[in-house]
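So this one's protein_3.txt, compact mmCIF, N, CA and C atoms:
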```
# COMPACT_ATOMS: atom_id res chain seq x y z
N MET A 1 0.86 -1.16 0.00
CA MET A 1 0.00 0.00 0.00
C MET A 1 0.90 1.23 0.00
N ALA A 2 0.85 2.02 -1.03
CA ALA A 2 1.68 3.21 -1.13
C ALA A 2 1.16 4.28 -0.18
N GLY A 3 2.03 4.73 0.71
CA GLY A 3 1.64 5.78 1.63
C GLY A 3 0.45 5.39 2.48
N SER A 4 0.69 5.07 3.71
CA SER A 4 -0.41 4.69 4.59
C SER A 4 -0.18 5.33 5.95
N THR A 5 -1.20 5.29 6.76
CA THR A 5 -1.12 5.81 8.11
C THR A 5 -1.71 4.78 9.06
N THR A 6 -1.41 4.90 10.31
CA THR A 6 -1.89 3.94 11.30
C THR A 6 -3.09 4.51 12.03
N MET A 7 -4.08 3.64 12.25
CA MET A 7 -5.28 3.99 13.00
C MET A 7 -5.54 2.88 13.99
N THR A 8 -6.05 3.21 15.14
CA THR A 8 -6.45 2.19 16.10
C THR A 8 -7.97 2.21 16.18
N ILE A 9 -8.59 1.03 16.06
CA ILE A 9 -10.05 0.96 16.14
C ILE A 9 -10.45 -0.08 17.17
N ARG A 10 -11.66 0.05 17.64
CA ARG A 10 -12.22 -0.95 18.55
C ARG A 10 -13.34 -1.67 17.81
N VAL A 11 -13.34 -2.98 17.92
CA VAL A 11 -14.40 -3.80 17.33
C VAL A 11 -14.89 -4.78 18.38
N ARG A 12 -16.09 -5.24 18.19
CA ARG A 12 -16.63 -6.27 19.09
C ARG A 12 -15.80 -7.55 18.96
N PRO A 13 -15.75 -8.34 20.01
CA PRO A 13 -14.98 -9.59 19.94
C PRO A 13 -15.43 -10.51 18.80
N ASP A 14 -16.73 -10.58 18.52
CA ASP A 14 -17.20 -11.46 17.44
C ASP A 14 -16.71 -10.97 16.08
N VAL A 15 -16.61 -9.66 15.91
CA VAL A 15 -16.10 -9.12 14.64
C VAL A 15 -14.62 -9.45 14.49
N LYS A 16 -13.87 -9.34 15.58
CA LYS A 16 -12.44 -9.68 15.53
C LYS A 16 -12.26 -11.16 15.19
N GLU A 17 -13.07 -12.02 15.79
CA GLU A 17 -12.96 -13.45 15.49
C GLU A 17 -13.24 -13.73 14.01
N LYS A 18 -14.24 -13.07 13.47
CA LYS A 18 -14.56 -13.26 12.04
C LYS A 18 -13.43 -12.73 11.17
N LEU A 19 -12.87 -11.58 11.56
CA LEU A 19 -11.74 -11.02 10.81
C LEU A 19 -10.55 -11.97 10.87
N ASP A 20 -10.31 -12.57 12.03
CA ASP A 20 -9.24 -13.57 12.17
C ASP A 20 -9.46 -14.72 11.18
N ARG A 21 -10.71 -15.21 11.10
CA ARG A 21 -11.02 -16.32 10.18
C ARG A 21 -10.78 -15.93 8.73
N ILE A 22 -11.24 -14.75 8.36
CA ILE A 22 -11.05 -14.29 6.98
C ILE A 22 -9.56 -14.16 6.68
N ALA A 23 -8.82 -13.59 7.61
CA ALA A 23 -7.38 -13.41 7.40
C ALA A 23 -6.70 -14.76 7.19
N ALA A 24 -7.05 -15.72 8.02
CA ALA A 24 -6.45 -17.05 7.88
C ALA A 24 -6.84 -17.71 6.56
N ASP A 25 -8.12 -17.62 6.21
CA ASP A 25 -8.60 -18.27 4.99
C ASP A 25 -8.06 -17.63 3.71
N THR A 26 -7.81 -16.32 3.75
CA THR A 26 -7.35 -15.62 2.55
C THR A 26 -5.85 -15.37 2.55
N GLN A 27 -5.20 -15.73 3.65
CA GLN A 27 -3.77 -15.50 3.82
C GLN A 27 -3.42 -14.02 3.64
N ARG A 28 -4.29 -13.18 4.19
CA ARG A 28 -4.07 -11.73 4.21
C ARG A 28 -3.96 -11.30 5.66
N SER A 29 -3.32 -10.18 5.89
CA SER A 29 -3.22 -9.69 7.27
C SER A 29 -4.54 -9.05 7.68
N LYS A 30 -4.80 -9.08 8.99
CA LYS A 30 -6.01 -8.41 9.50
C LYS A 30 -5.94 -6.92 9.19
N SER A 31 -4.76 -6.36 9.25
CA SER A 31 -4.58 -4.93 8.96
C SER A 31 -4.97 -4.62 7.51
N PHE A 32 -4.52 -5.46 6.58
CA PHE A 32 -4.86 -5.27 5.18
C PHE A 32 -6.38 -5.34 4.98
N LEU A 33 -6.99 -6.39 5.55
CA LEU A 33 -8.44 -6.58 5.38
C LEU A 33 -9.23 -5.43 6.00
N ALA A 34 -8.83 -4.99 7.19
CA ALA A 34 -9.52 -3.88 7.84
C ALA A 34 -9.37 -2.60 7.02
N GLY A 35 -8.17 -2.39 6.49
CA GLY A 35 -7.95 -1.21 5.64
C GLY A 35 -8.82 -1.22 4.40
N GLU A 36 -8.93 -2.39 3.77
CA GLU A 36 -9.78 -2.52 2.58
C GLU A 36 -11.25 -2.27 2.94
N ALA A 37 -11.68 -2.80 4.07
CA ALA A 37 -13.07 -2.62 4.50
C ALA A 37 -13.37 -1.15 4.77
N VAL A 38 -12.46 -0.47 5.45
CA VAL A 38 -12.67 0.95 5.74
C VAL A 38 -12.68 1.76 4.44
N ALA A 39 -11.76 1.46 3.54
CA ALA A 39 -11.70 2.19 2.27
C ALA A 39 -12.99 2.01 1.48
N THR A 40 -13.51 0.79 1.43
CA THR A 40 -14.76 0.52 0.71
C THR A 40 -15.92 1.28 1.35
N TYR A 41 -15.99 1.25 2.66
CA TYR A 41 -17.05 1.95 3.39
C TYR A 41 -16.98 3.45 3.13
N VAL A 42 -15.80 4.02 3.22
CA VAL A 42 -15.62 5.45 3.03
C VAL A 42 -16.05 5.87 1.62
N GLU A 43 -15.62 5.12 0.60
CA GLU A 43 -16.00 5.46 -0.77
C GLU A 43 -17.51 5.40 -0.95
N ARG A 44 -18.15 4.35 -0.42
CA ARG A 44 -19.60 4.20 -0.55
C ARG A 44 -20.33 5.34 0.15
N GLU A 45 -19.92 5.66 1.36
CA GLU A 45 -20.57 6.74 2.10
C GLU A 45 -20.40 8.08 1.41
N LEU A 46 -19.20 8.35 0.89
CA LEU A 46 -18.97 9.61 0.17
C LEU A 46 -19.86 9.71 -1.06
N GLU A 47 -20.03 8.61 -1.79
CA GLU A 47 -20.91 8.62 -2.95
C GLU A 47 -22.34 8.95 -2.54
N ILE A 48 -22.79 8.36 -1.44
CA ILE A 48 -24.15 8.62 -0.96
C ILE A 48 -24.30 10.09 -0.56
N ILE A 49 -23.34 10.61 0.20
CA ILE A 49 -23.40 12.00 0.64
C ILE A 49 -23.38 12.95 -0.54
N GLU A 50 -22.50 12.68 -1.51
CA GLU A 50 -22.43 13.55 -2.69
C GLU A 50 -23.74 13.51 -3.48
N GLY A 51 -24.34 12.33 -3.59
CA GLY A 51 -25.63 12.21 -4.27
C GLY A 51 -26.71 13.01 -3.57
N ILE A 52 -26.71 12.96 -2.26
CA ILE A 52 -27.69 13.74 -1.49
C ILE A 52 -27.46 15.23 -1.73
N LYS A 53 -26.21 15.64 -1.69
CA LYS A 53 -25.90 17.06 -1.92
C LYS A 53 -26.34 17.51 -3.31
N ARG A 54 -26.09 16.65 -4.33
CA ARG A 54 -26.52 17.00 -5.69
C ARG A 54 -28.04 17.12 -5.75
N GLY A 55 -28.73 16.19 -5.10
CA GLY A 55 -30.18 16.23 -5.08
C GLY A 55 -30.71 17.48 -4.40
N MET A 56 -30.09 17.85 -3.30
CA MET A 56 -30.52 19.06 -2.59
C MET A 56 -30.26 20.31 -3.44
N ALA A 57 -29.13 20.34 -4.13
CA ALA A 57 -28.83 21.48 -5.00
C ALA A 57 -29.83 21.55 -6.15
N ASP A 58 -30.17 20.39 -6.73
CA ASP A 58 -31.18 20.36 -7.79
C ASP A 58 -32.52 20.88 -7.29
N ALA A 59 -32.91 20.45 -6.09
CA ALA A 59 -34.19 20.89 -5.52
C ALA A 59 -34.18 22.40 -5.29
N GLU A 60 -33.08 22.91 -4.76
CA GLU A 60 -32.97 24.36 -4.53
C GLU A 60 -33.03 25.13 -5.83
N ALA A 61 -32.51 24.54 -6.91
CA ALA A 61 -32.51 25.21 -8.22
C ALA A 61 -33.82 25.00 -8.96
N GLY A 62 -34.73 24.24 -8.37
CA GLY A 62 -36.02 24.00 -9.01
C GLY A 62 -36.00 22.91 -10.06
N CYS A 63 -34.92 22.13 -10.11
CA CYS A 63 -34.81 21.04 -11.09
C CYS A 63 -35.44 19.78 -10.49
N VAL A 64 -36.75 19.77 -10.44
CA VAL A 64 -37.48 18.66 -9.86
C VAL A 64 -38.64 18.28 -10.77
N ILE A 65 -39.18 17.08 -10.55
CA ILE A 65 -40.37 16.66 -11.27
C ILE A 65 -41.44 16.32 -10.24
N PRO A 66 -42.71 16.42 -10.63
CA PRO A 66 -43.77 16.09 -9.68
C PRO A 66 -43.67 14.63 -9.21
N HIS A 67 -44.11 14.40 -8.00
CA HIS A 67 -44.07 13.07 -7.39
C HIS A 67 -44.76 12.03 -8.27
N GLU A 68 -45.92 12.38 -8.78
CA GLU A 68 -46.68 11.44 -9.61
C GLU A 68 -45.89 11.02 -10.85
N GLN A 69 -45.18 11.96 -11.45
CA GLN A 69 -44.37 11.65 -12.63
C GLN A 69 -43.21 10.73 -12.24
N ALA A 70 -42.58 11.00 -11.11
CA ALA A 70 -41.46 10.17 -10.66
C ALA A 70 -41.92 8.74 -10.41
N VAL A 71 -43.08 8.59 -9.75
CA VAL A 71 -43.61 7.26 -9.47
C VAL A 71 -43.96 6.54 -10.76
N ALA A 72 -44.58 7.24 -11.70
CA ALA A 72 -44.95 6.63 -12.99
C ALA A 72 -43.69 6.15 -13.73
N GLU A 73 -42.64 6.96 -13.74
CA GLU A 73 -41.41 6.58 -14.42
C GLU A 73 -40.77 5.37 -13.73
N MET A 74 -40.79 5.36 -12.40
CA MET A 74 -40.23 4.25 -11.65
C MET A 74 -40.99 2.96 -11.95
N ARG A 75 -42.32 3.04 -11.97
CA ARG A 75 -43.12 1.85 -12.25
C ARG A 75 -42.86 1.32 -13.65
N LYS A 76 -42.65 2.21 -14.61
CA LYS A 76 -42.36 1.79 -15.99
C LYS A 76 -41.01 1.06 -16.03
N VAL A 77 -40.02 1.57 -15.34
CA VAL A 77 -38.71 0.92 -15.31
C VAL A 77 -38.84 -0.48 -14.70
N ILE A 78 -39.60 -0.59 -13.61
CA ILE A 78 -39.79 -1.89 -12.96
C ILE A 78 -40.50 -2.86 -13.88
N GLU A 79 -41.57 -2.41 -14.53
CA GLU A 79 -42.31 -3.28 -15.45
C GLU A 79 -41.44 -3.71 -16.63
N ASP A 80 -40.66 -2.78 -17.18
CA ASP A 80 -39.75 -3.14 -18.28
C ASP A 80 -38.74 -4.19 -17.83
N ALA A 81 -38.22 -4.05 -16.63
CA ALA A 81 -37.25 -5.01 -16.10
C ALA A 81 -37.90 -6.36 -15.91
N LYS A 82 -39.13 -6.37 -15.40
CA LYS A 82 -39.86 -7.64 -15.21
C LYS A 82 -40.10 -8.33 -16.56
N ARG A 83 -40.46 -7.54 -17.57
CA ARG A 83 -40.70 -8.11 -18.91
C ARG A 83 -39.42 -8.72 -19.48
N ARG A 84 -38.30 -8.02 -19.31
CA ARG A 84 -37.03 -8.55 -19.82
C ARG A 84 -36.63 -9.82 -19.08
N LYS A 85 -36.95 -9.89 -17.80
CA LYS A 85 -36.59 -11.06 -16.98
C LYS A 85 -37.50 -12.24 -17.24
N SER A 86 -38.73 -11.97 -17.64
CA SER A 86 -39.72 -13.03 -17.85
C SER A 86 -39.28 -13.94 -19.00
N PRO A 87 -39.45 -15.27 -18.83
CA PRO A 87 -39.07 -16.21 -19.89
C PRO A 87 -39.89 -16.01 -21.16
N ARG A 88 -41.08 -15.44 -21.02
CA ARG A 88 -41.92 -15.19 -22.19
C ARG A 88 -41.54 -13.90 -22.88
N GLY A 89 -40.73 -13.05 -22.18
CA GLY A 89 -40.23 -11.81 -22.74
C GLY A 89 -41.27 -10.93 -23.24
```

Using structure tokens, write down the structure that the file contains.
Amino acid sequence: MAGSTTMTIRVRPDVKEKLDRIAADTQRSKSFLAGEAVATYVERELEIIEGIKRGMADAEAGCVIPHEQAVAEMRKVIEDAKRRKSPRG
């Protein structure tokens, strides 16, 4: 890992035991696995937060559609997906 820093975290004993098992089964260090888990979590949370911020900015700018239109579009997407998944197509 190019350029890293050290962090100390507390986890429940059951989480540590599971991490121990994963480390043994994958032949990776617990530190590596914990670092990967934190990195994945941070990226996912940042994407969610940025999406919320974009949505709030859109709403403030008036770039919105009526609720009924949003629901209708969502239902169409779901129905189209169901049709594509159906064996009868």

**OP:** Mind giving me the straight-line distance from atom C of Lys16 of chain A to atom C of Leu46 of chain A in Å, one decimal?
**Re:**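 So the two atoms, atom C of Lys16 of chain A and atom C of Leu46 of chain A, lie 27.5 Å apart.
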
Original post:
In Å, with one decimal, what is the gap from atom N of Glu45 of chain A to atom C of Asp14 of chain A?
Top reply: 22.4 Å

Subject >> Distance of atom C of Lys18 of chain A from atom N of Lys30 of chain A, expressed in Å to one decimal place >> reply: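 Atom N of Lys30 of chain A sits 9.6 Å away from atom C of Lys18 of chain A.
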
**OP:** Give the helix (DSSP H, G or I) residues of chain A, as assigned by DSSP on the backbone, as a VMD selection string.
**Re:** chain A and resid 13 to 26 30 to 60 67 to 85

**OP:** List the residues sitting within 12 Å of (-6.8, 4.3, 13.3) in the file's frame, using only C-alpha atoms, as a list in words.
**Re:** Ser4, Thr5, Thr6, Met7, Thr8, Ile9, Arg10, Val11, Ser31, Ala34, Gly35 and Val38 of chain A
